[in-house]
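> The structure is given below, and queries will be raised subsequently.
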Amino acid sequence: MTTFFIAFLSICFSVAAQFSLKTGMTSASVKTAMSGPLSPRAIFTVLTNTNVLAGFLLYGLGAVVWLSVLSRWEVSKAYPLVGLGFVMTLLVGVILGEQVSTVRMIGTVLICAGVYLIARA
């Protein structure tokens with residue numbers, strides 16, 4: 001596998017983790033638990049939510065995969081690729097019906113331009 005593909009896979013895990021965590025945190029049980037003061041019971045409800053657990057697992061997998069990238073590339077080359085996560089998150093968000101403003105789209109395009117420039121350097 002190429003290092004770029006491994007980095008892309010790690011970023012995919014992170015994006016999936018974000019949406020899994022969001023799904024968990026907006027579930028009825030977690031919303032109810034979080035509506036009152038923070039308590040051990042509320043924390044337990046959050047930490048035992050299937051989607052929250054899946055999000056943590058996906059983040060963990062992404063971190064392990066990212067270690068492979070760091071073993072092959074300099075951090076200054078690898079880390080800017082994380083900016084691709086903004087693009088992927090925006091695209092998945094649009095697919096899932098999230099509202100995306102023009103300003104957010106322009107910002108994402110600028111991030112892409114920056115990632116491209118760094119990749120060429």
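A note on labels: chains of the structure tokens are A, B, ... as shown, every chain counts residues from 1, and ligands are counted from 1 in their shown order.
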For A:Leu9, list every protein, DNA or RNA residue within 12 Å, evaluated using only C-alpha atoms, and leave out those in the same chain fewer than 2 positions away; present the list as a PyMOL selection string.
chain A and resi 1-7+11-16+58-59+61-69+81-82+84-85+88
> Based on the backbone DSSP call, show me all residues of chain A assigned alpha helix (DSSP H), as a PyMOL selection string.
chain A and resi 3-25+28-34+40-47+50-72+75-78+84-95+102-120
> Which residues come within 12 Å of stretch 38-43 of chain A, counting only C-alpha atoms, excluding same-chain residues fewer than 6 positions away, as a PyMOL selection string?
chain A and resi 25+29-32+49+52
> For the residues in that selection, give me C-alpha atoms as a tab-separated table (two decimals), in the first residue's frame.

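Here's the written file part34.tsv:
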chain	number	residue	atom	x	y	z
A	25	MET	CA	-24.46	12.23	21.23
A	29	SER	CA	-30.91	8.44	25.72
A	30	VAL	CA	-27.77	10.58	25.67
A	31	LYS	CA	-29.73	13.80	25.16
A	32	THR	CA	-31.86	12.93	28.18
A	49	ASN	CA	-23.76	4.31	23.93
A	52	VAL	CA	-20.06	6.69	20.99
> Neighbours of stretch 106-117 of chain A within 12 Å (only C-alpha atoms; same-chain residues fewer than 6 positions away dropped), as a list in words?
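In the requested form, the answer reads Ser76, Lys77, Ala78, Tyr79, Pro80, Leu81, Val82, Gly83, Leu84, Gly85, Phe86, Val87, Met88, Thr89, Leu90, Leu91 and Val100 of chain A.
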> For a test of reading the model, state the distance in Å between atom CA of A:Ser20 and atom CA of A:Trp73, rounded to one decimal.
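These two atoms are separated by 28.9 Å.
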> Between A:Ser35, A:Thr45, A:Ser10, A:Asn51, which has the minimum distance to A:Lys22 (counting only C-alpha atoms)?
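With only C-alpha atoms as the atom set, the closest residue is A:Asn51.
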> When you draw a straight line from atom CA of A:Gly24 to atom CA of A:Ser101, how long is it in Å?
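Result for atom CA of A:Gly24 versus atom CA of A:Ser101: 24.7 Å, one decimal.
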